[in-house]
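Q: First the structure, which I've put down as structure tokens, then a few questions once you've had a look.
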Amino acid sequence: MRWVKRILIGLLGLVVIVILAMVGVVVALNSAGGRAFAVREINKYGAAYIQIGQLRGHFPADINITSFAVKDPKGIWLSGRDVTLKWSPLQLLRRNLAVRLLSAQSLDVARAPAYPASKRKNSGSSQLPSLRLNLDRLEIAALHVAPSLAGEDVTLHVTGQTHLRDLQHGDIALNATTESGDADYALTGTLDPRNVAMKLHVQEPPNGLIGHFAGPQVRLPLKFDVMLNGPRAHAALQAALALGDARLNVTGTLGLDQTSPFADVVLSVPALAPFGTLARQPISGQTQLHLVVEPTAKQDGATLALQGDVALNQSPAGLDKFLNGETHLSLLASLQGHKVTIGQLLLDAPHAQINGHGVLDKQQLDLTTDAKLNDLATLLPRLQGALQLHSHVTGTMQDFATRTAIDGQISVPNVPSGPFQLTLAAQHLPKAPQGTLTGSGTLAGSPLNIDARFTRQQDGAASLNIARLDWKSLAAQGDLALAAGAKLPTGSAHLALGHLADFDAFTGMKLHGALQADFADQGQQTVSLQASAKNISGVPSIGAANATLEAQGTLDALAVKLDASVARLMGSAAKLALTGTLNIPAQSAHLASLTGNWHGLNAKLNGPADIEAKPEMAVRHLDLSVGKAAIALDGTLSPTLNAKASVKNLDLALAKLFVPSVNAAGIVNLTANVTGTPKAPAGQVALTATGLRYIDKSTAGLPAASISGTATLKGDSADVNIKAQAGADAAITARGTAPLSMTGPMKLALEAKLDLAMLNPALAKMHTKLSGTLSTSAQLSGTPRAPAGQISLTGRNLRDEAGPTAALPAASLDAKANLQGQRAALDVAVKAGPDVNLTARGTAPFTSTGAINLAVAGRLDLKLLDPILAANGNLVRGRIDTNLRIAGTAKARAPTARCNWPMAVCRTSPPGSTSPPSLPT
């Protein structure tokens, strides 16, 4: 038996070697050299997926990684610092993953991971070992979630613990809060094979981690609580969700048993108005819906029943007459694999009903819909009657047919009428529809006849044949065919509407006039279009309109002539006439002549011009006179710029013709030579404007202003040199680089001055006479979104020389602002002789959420008021000292103040007394 002995000795030696190797690994990884080696090897072989910093702690039970970064093909998406794992490795022998502590100083989730989809097929033979999970303590000091995932930067402090024997036994507790405490997330739960107990609480500010999924236009606080408790086969559910003022309550039971899952819940919305506000629709009312979902006897099947009522006090425009009141909703459906069977879809509103049923599947589409409008007057008050619709759709989602019939009786008051019917029959929807539209009967007291056929092929070819369309003065016939890729159809068509008033009952307007149009195109022959509108009216503020349009020629040389007139347009008659040629295949137009007249203002095209839409948008040789002004444009406008433009002698008084309340004056001249693109223009622009003023009683006596300047465009910025002045007492200059977007660079120098006496003609009626000067200078840099630089404002000898205030000492103002991106450092001082001294220093933000830190201090000697109060026999002595500090944000200010009123003493002289008042000591 020596061989047995040798085998045992060999096995014992192998075990000893393995133990010694494991001990060696442990010893090595607890040495500086071993740890450095492990880090190098991990970073070497995992370079495409993970990188780690230093290893610390005591391997294997207490491991610390100073930093790590997880990568995908796009780069790093997850990183962290100071990660610690304290666990019991030997517990794995008992299938127990026992972790005492898992912590991280910080985790940063930059975006969602983007790993390529795995091509490996799951054979189903691999399975993870069954382990118990016991995590005694989880703590992440700062979990940072980037805006791409959370809407805006979110940092959470996360704690928790869990003990799971398997997916049916265990407990979990997880908490996450922001540093400010305005967001709170908490999950607790206990599981066993028979019972479940779970609570979820979420509360967060607007645009939070979850709430931002509602969209950028919905910035409201979110709160919801969910509680699930009881037997797994019949657990009670309670949930309350609030998004701003919008509330949704859910109560019911859930079956969590895998053999017979179900849901039986009631959804209640006590007030629909807040939801209408979110949807920007006028909705008010309430609703309660009962939802039941149960499995079918067959695998992968379920039935759904939704019943409830919606009580609306207000509905979106156009639907209020149908839906206001109580509407009953019922949906009975079943799902088996990809097949959806609708047993009933019922919408029973006060004035309309919709009922549908059918089957939807990848290979089958069979839907029947019936709808009824009980009283047409709810939609159009001038009409009487009722409408019914019946529709049947069959086929597949890729190729289906429909037959839809609308019938009923529509009449107008005091006009006898009869029934009518419209029938649409179409096949091969949606890719290549073809079918017929027919109509017969009596509509609003007049016979109706419609007989039309249509087709459209997948390549875009289409045809329309109108054998007959007659109702009252409306008559139409046509036979048109559009070839694939063609711009205009061949064939002919005729349309005549002798009396627009025939449609008054349907439009709700008082229409007058007549329309007529004839079209003919026989392939390569001449296209002919004749259209006219005679005495068209319907809007009281606009007079009758007349127009004729003639087009004759081939598609690449279609001569067009238009004459139009309006008897009254904004109080005056208007006329327009033009001639030109269209090249439809080339998408261009040649404008030979254009004249117009309105309010005595004549417009004339001084020479031929061309307009091109392909391959680039361009206007060539446009020379247009409008009154005394001349407008010229020549060049390419899109997608690239290469154009010259000018405006000469444009009188701003023309604005009064369009906006009567605007009474401006001045002459504007502008020239531009631009290249680049509309988003990044380049080139030169020059502007001069003289005699600028706003004519009004309040501005009488003020000098006219003038502006002159040039700009060299450079994409997102422009080098400018601009000067504006009003007489000799007001001027402003701007030189340097000005931005053309919120992120464009600027390096701009501004200088301005104002002699306040210039304003006195406009202030005379207010019994005010100002004197003194204001001057400002600015050196701006950065961008409009993050400006930098300095602004200063200086005022000297400021006073009101009219009335009692004339005796007050002159005031001075010195203010400086140091722009620092999202805030400004302020230093403001106001003085008026030795008796007034007010200062404000600190920082103010440019946004409503930025931090404010301002200190306002001041001193006022009340004897300064003697010139004002003495006229009424009053004198005041004393001094006011104030010290005010403002902190917080613009939305949540937190002011603190201290005010001293030492020795404030007042006495009034007796009425009629000529002696001054006496002051007690």
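A note on labels: chains of the structure tokens are A, B, ... as shown, every chain counts residues from 1, and ligands are counted from 1 in their shown order.
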As an MDAnalysis selection string, please: every residue in range 497-538 of chain A that DSSP puts in strand (DSSP E or B).

A: chainID A and resid 497 512:521 527:537

Q: Go ahead and write the selection's residues with all heavy atoms as a compact mmCIF listing (two decimals), in the first residue's frame.

A:
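Contents of again_22.txt, freshly written:
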# COMPACT_ATOMS: atom_id res chain seq x y z
N LEU A 497 -66.95 79.44 -56.99
CA LEU A 497 -67.75 79.66 -55.78
C LEU A 497 -68.39 81.03 -55.93
O LEU A 497 -67.74 82.06 -55.74
CB LEU A 497 -66.88 79.59 -54.54
CG LEU A 497 -67.58 79.83 -53.20
CD1 LEU A 497 -68.76 78.88 -53.01
CD2 LEU A 497 -66.60 79.66 -52.06
N HIS A 512 -68.60 87.68 -48.02
CA HIS A 512 -69.16 88.18 -49.27
C HIS A 512 -68.11 87.99 -50.36
O HIS A 512 -66.91 87.89 -50.11
CB HIS A 512 -69.54 89.66 -49.16
CG HIS A 512 -70.55 89.94 -48.10
ND1 HIS A 512 -71.89 89.72 -48.25
CD2 HIS A 512 -70.39 90.42 -46.83
CE1 HIS A 512 -72.54 90.05 -47.15
NE2 HIS A 512 -71.65 90.48 -46.26
N GLY A 513 -68.59 87.95 -51.59
CA GLY A 513 -67.68 87.87 -52.71
C GLY A 513 -67.77 86.55 -53.44
O GLY A 513 -68.57 85.66 -53.11
N ALA A 514 -66.91 86.41 -54.47
CA ALA A 514 -66.90 85.22 -55.31
C ALA A 514 -65.47 84.86 -55.68
O ALA A 514 -64.59 85.72 -55.76
CB ALA A 514 -67.74 85.46 -56.58
N LEU A 515 -65.26 83.55 -55.93
CA LEU A 515 -63.95 83.04 -56.34
C LEU A 515 -64.11 82.18 -57.59
O LEU A 515 -65.13 81.49 -57.75
CB LEU A 515 -63.33 82.18 -55.23
CG LEU A 515 -63.01 82.84 -53.90
CD1 LEU A 515 -62.58 81.80 -52.89
CD2 LEU A 515 -61.91 83.89 -54.09
N GLN A 516 -63.09 82.21 -58.44
CA GLN A 516 -63.08 81.35 -59.60
C GLN A 516 -61.65 81.06 -60.00
O GLN A 516 -60.78 81.93 -59.92
CB GLN A 516 -63.84 81.98 -60.78
CG GLN A 516 -63.91 81.08 -62.01
CD GLN A 516 -64.86 81.59 -63.07
OE1 GLN A 516 -65.92 82.13 -62.74
NE2 GLN A 516 -64.50 81.43 -64.33
N ALA A 517 -61.39 79.80 -60.42
CA ALA A 517 -60.05 79.42 -60.85
C ALA A 517 -60.15 78.34 -61.91
O ALA A 517 -60.99 77.44 -61.83
CB ALA A 517 -59.22 78.91 -59.67
N ASP A 518 -59.29 78.45 -62.95
CA ASP A 518 -59.20 77.45 -64.01
C ASP A 518 -57.73 77.13 -64.23
O ASP A 518 -56.88 78.03 -64.34
CB ASP A 518 -59.81 77.98 -65.31
CG ASP A 518 -61.32 78.07 -65.22
OD1 ASP A 518 -61.99 77.04 -65.38
OD2 ASP A 518 -61.82 79.19 -64.94
N PHE A 519 -57.45 75.81 -64.32
CA PHE A 519 -56.06 75.35 -64.49
C PHE A 519 -56.05 74.34 -65.62
O PHE A 519 -56.94 73.48 -65.73
CB PHE A 519 -55.55 74.71 -63.21
CG PHE A 519 -54.21 74.02 -63.36
CD1 PHE A 519 -53.04 74.75 -63.29
CD2 PHE A 519 -54.13 72.66 -63.60
CE1 PHE A 519 -51.81 74.13 -63.44
CE2 PHE A 519 -52.92 72.03 -63.76
CZ PHE A 519 -51.74 72.77 -63.68
N ALA A 520 -54.97 74.40 -66.46
CA ALA A 520 -54.81 73.43 -67.54
C ALA A 520 -53.33 73.23 -67.81
O ALA A 520 -52.56 74.19 -67.86
CB ALA A 520 -55.53 73.90 -68.79
N ASP A 521 -52.93 71.97 -67.97
CA ASP A 521 -51.55 71.63 -68.33
C ASP A 521 -51.59 70.32 -69.09
O ASP A 521 -51.93 69.27 -68.54
CB ASP A 521 -50.68 71.49 -67.08
CG ASP A 521 -49.24 71.12 -67.43
OD1 ASP A 521 -48.92 71.04 -68.62
OD2 ASP A 521 -48.45 70.88 -66.49
N VAL A 527 -48.76 75.73 -69.71
CA VAL A 527 -49.55 75.73 -68.49
C VAL A 527 -50.36 77.01 -68.46
O VAL A 527 -49.86 78.09 -68.77
CB VAL A 527 -48.64 75.65 -67.25
CG1 VAL A 527 -49.45 75.82 -65.97
CG2 VAL A 527 -47.90 74.33 -67.23
N SER A 528 -51.62 76.87 -68.05
CA SER A 528 -52.49 78.04 -68.01
C SER A 528 -53.22 78.06 -66.67
O SER A 528 -53.80 77.05 -66.25
CB SER A 528 -53.50 77.99 -69.16
OG SER A 528 -54.44 79.05 -69.04
N LEU A 529 -53.18 79.21 -66.00
CA LEU A 529 -53.89 79.39 -64.74
C LEU A 529 -54.56 80.75 -64.76
O LEU A 529 -53.91 81.78 -64.99
CB LEU A 529 -52.95 79.30 -63.55
CG LEU A 529 -53.57 79.64 -62.17
CD1 LEU A 529 -54.64 78.61 -61.81
CD2 LEU A 529 -52.50 79.69 -61.10
N GLN A 530 -55.86 80.76 -64.53
CA GLN A 530 -56.63 81.98 -64.43
C GLN A 530 -57.39 81.93 -63.11
O GLN A 530 -58.16 81.00 -62.87
CB GLN A 530 -57.62 82.11 -65.59
CG GLN A 530 -57.01 82.03 -66.98
CD GLN A 530 -56.29 83.31 -67.35
OE1 GLN A 530 -56.62 84.38 -66.85
NE2 GLN A 530 -55.31 83.21 -68.24
N ALA A 531 -57.17 82.91 -62.23
CA ALA A 531 -57.84 82.94 -60.94
C ALA A 531 -58.28 84.35 -60.64
O ALA A 531 -57.58 85.33 -60.98
CB ALA A 531 -56.93 82.42 -59.83
N SER A 532 -59.45 84.48 -59.99
CA SER A 532 -59.95 85.81 -59.66
C SER A 532 -60.71 85.76 -58.35
O SER A 532 -61.30 84.75 -57.98
CB SER A 532 -60.86 86.35 -60.77
OG SER A 532 -62.03 85.55 -60.88
N ALA A 533 -60.63 86.85 -57.62
CA ALA A 533 -61.39 87.04 -56.39
C ALA A 533 -62.07 88.40 -56.50
O ALA A 533 -61.41 89.42 -56.74
CB ALA A 533 -60.48 87.00 -55.18
N LYS A 534 -63.42 88.41 -56.35
CA LYS A 534 -64.17 89.64 -56.56
C LYS A 534 -64.93 90.02 -55.30
O LYS A 534 -65.67 89.20 -54.74
CB LYS A 534 -65.15 89.47 -57.72
CG LYS A 534 -64.48 89.21 -59.06
CD LYS A 534 -65.52 89.09 -60.18
CE LYS A 534 -64.83 88.87 -61.53
NZ LYS A 534 -65.82 88.75 -62.63
N ASN A 535 -64.66 91.24 -54.85
CA ASN A 535 -65.39 91.83 -53.71
C ASN A 535 -65.39 90.92 -52.49
O ASN A 535 -66.42 90.72 -51.84
CB ASN A 535 -66.82 92.16 -54.13
CG ASN A 535 -66.87 93.19 -55.24
OD1 ASN A 535 -66.10 94.16 -55.25
ND2 ASN A 535 -67.76 92.97 -56.21
N ILE A 536 -64.22 90.39 -52.17
CA ILE A 536 -64.10 89.50 -51.02
C ILE A 536 -64.07 90.34 -49.75
O ILE A 536 -63.26 91.27 -49.61
CB ILE A 536 -62.81 88.66 -51.11
CG1 ILE A 536 -62.78 87.87 -52.41
CG2 ILE A 536 -62.71 87.73 -49.91
CD1 ILE A 536 -63.88 86.86 -52.55
N SER A 537 -64.95 90.02 -48.79
CA SER A 537 -64.95 90.71 -47.51
C SER A 537 -65.47 89.77 -46.44
O SER A 537 -66.16 88.79 -46.74
CB SER A 537 -65.81 91.99 -47.58
OG SER A 537 -67.17 91.65 -47.82

Q: Please run DSSP on the backbone and report, as a PyMOL selection string, all residues within range 751-890 of chain A that come out as alpha helix (DSSP H).

A: chain A and resi 760-763+866-869

Q: Could you list, as number ranges by chain, every residue within 9 Å of range 569-585 of chain A, counting only C-alpha atoms and ignoring same-chain residues fewer than 5 positions away?

A: A: 486-488, 541-543, 551, 554-564, 590-600, 608, 657-658

Q: Dump C-alpha atoms for the selected residues as a compact mmCIF listing (two decimals), in the first residue's frame?

A:
# COMPACT_ATOMS: atom_id res chain seq x y z
CA ALA A 486 -43.00 66.37 -60.95
CA LYS A 487 -43.69 69.83 -59.57
CA LEU A 488 -47.10 70.43 -61.15
CA SER A 541 -61.71 96.35 -40.34
CA ILE A 542 -60.64 95.42 -43.90
CA GLY A 543 -62.52 96.61 -46.96
CA ALA A 551 -50.03 82.49 -65.38
CA THR A 554 -44.00 76.37 -69.75
CA LEU A 555 -42.85 75.30 -66.29
CA ASP A 556 -39.40 76.80 -66.82
CA ALA A 557 -40.79 80.08 -68.21
CA LEU A 558 -44.16 80.72 -66.62
CA ALA A 559 -45.24 84.33 -67.11
CA VAL A 560 -47.15 85.66 -64.09
CA LYS A 561 -49.25 88.77 -63.67
CA LEU A 562 -50.93 89.82 -60.42
CA ASP A 563 -53.19 92.78 -59.70
CA ALA A 564 -54.68 93.20 -56.22
CA HIS A 590 -37.65 86.89 -62.30
CA LEU A 591 -39.46 90.00 -61.07
CA ALA A 592 -39.95 92.37 -63.99
CA SER A 593 -42.08 95.06 -62.38
CA LEU A 594 -43.69 95.87 -59.05
CA THR A 595 -45.70 98.88 -57.97
CA GLY A 596 -47.72 99.54 -54.85
CA ASN A 597 -49.54 102.32 -53.08
CA TRP A 598 -50.86 102.63 -49.54
CA HIS A 599 -51.50 105.67 -47.33
CA GLY A 600 -49.98 107.84 -50.05
CA PRO A 608 -35.66 93.79 -62.84
CA LEU A 657 -48.41 104.06 -40.63
CA PHE A 658 -48.08 100.59 -39.13

Q: I want to know what sits within 10 Å of Asn669 in chain A, based on only C-alpha atoms, with residues of the same chain fewer than 2 positions away left out; could you give that as a list of chain:residue names?

A: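 Non-adjacent residues within range: A:Ala629, A:Ala630, A:Ile631, A:Ser646, A:Val647, A:Lys648, A:Asn649, A:Leu650, A:Asp651, A:Ile667, A:Thr671, A:Ala686, A:Leu687, A:Thr688, A:Ala689, A:Thr690, A:Ser708.
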
Q: Which residue gives the smallest distance to Gln725 in chain A among A:Arg693, A:His499, A:His169, A:Lys656, with only C-alpha atoms counted?

A: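 Using only C-alpha atoms, the shortest distance to Gln725 in chain A belongs to A:Arg693.
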
Q: Between A:Ala505, A:Ala333, A:Ala32, A:Val154, which one has atoms that come closest to Pro413 in chain A, using only C-alpha atoms?

A: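 The shortest atom-to-atom distance to Pro413 in chain A comes from A:Ala505.
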
Q: Do you know which residues are at most 7 Å from Thr438 in chain A counting only C-alpha atoms, after dropping those on the same chain fewer than 3 positions away, and could you put them as a ChimeraX atom specification?

A: /A:422-424,450-452

Q: What is the distance, in Å and to one decimal place, between CA of Glu179 in chain A and CA of Ala855 in chain A?

A: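 Interatomic distance here is 27.4 Å.
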
Q: Can you pull out every residue within 8 Å of Asp309 in chain A, counting only C-alpha atoms, but drop anything in the same chain fewer than 3 positions away, and send it as a list in words?

A: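 Skipping anything fewer than 3 positions along the chain leaves Thr287, Gln288, Leu289, Glu326, Thr327, His328 and Leu329 of chain A.
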
Q: Which residues are near Leu763 in chain A? Cut-off 9 Å, only C-alpha atoms, ignore same chain within fewer than 6 positions. Put them as a ChimeraX atom specification.

A: /A:698-699,769-770

Q: Give me a file of those residues, with N, CA, C and O atoms, as a PDB file, in the first residue's frame.

A:
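Result saved to result-v4.pdb:
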ATOM      1  N   SER A 698     -44.187 114.954 -23.641  1.00  0.00           N
ATOM      2  CA  SER A 698     -43.197 114.750 -22.586  1.00  0.00           C
ATOM      3  C   SER A 698     -41.775 114.938 -23.073  1.00  0.00           C
ATOM      4  O   SER A 698     -40.860 115.097 -22.256  1.00  0.00           O
ATOM      5  N   THR A 699     -41.546 114.906 -24.414  1.00  0.00           N
ATOM      6  CA  THR A 699     -40.179 115.052 -24.924  1.00  0.00           C
ATOM      7  C   THR A 699     -39.970 116.400 -25.605  1.00  0.00           C
ATOM      8  O   THR A 699     -38.920 116.614 -26.219  1.00  0.00           O
ATOM      9  N   LYS A 769     -36.185 121.172 -11.817  1.00  0.00           N
ATOM     10  CA  LYS A 769     -35.103 121.752 -12.602  1.00  0.00           C
ATOM     11  C   LYS A 769     -33.799 121.152 -12.102  1.00  0.00           C
ATOM     12  O   LYS A 769     -33.323 121.482 -11.023  1.00  0.00           O
ATOM     13  N   LEU A 770     -33.275 120.254 -12.905  1.00  0.00           N
ATOM     14  CA  LEU A 770     -32.083 119.506 -12.504  1.00  0.00           C
ATOM     15  C   LEU A 770     -30.828 120.206 -12.986  1.00  0.00           C
ATOM     16  O   LEU A 770     -30.812 120.903 -14.004  1.00  0.00           O
TER      17      LEU A 770
END

Q: Please measure the separation of CA of Gly676 in chain A and CA of Ala645 in chain A, giving the value in Å to one decimal.

A: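 A separation of 14.8 Å between them.
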
Q: Have a look at CA of Ala851 in chain A and CA of Thr889 in chain A and let me know their distance in Å, one decimal.

A: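 CA of Thr889 in chain A lies at a distance of 4.9 Å from CA of Ala851 in chain A.
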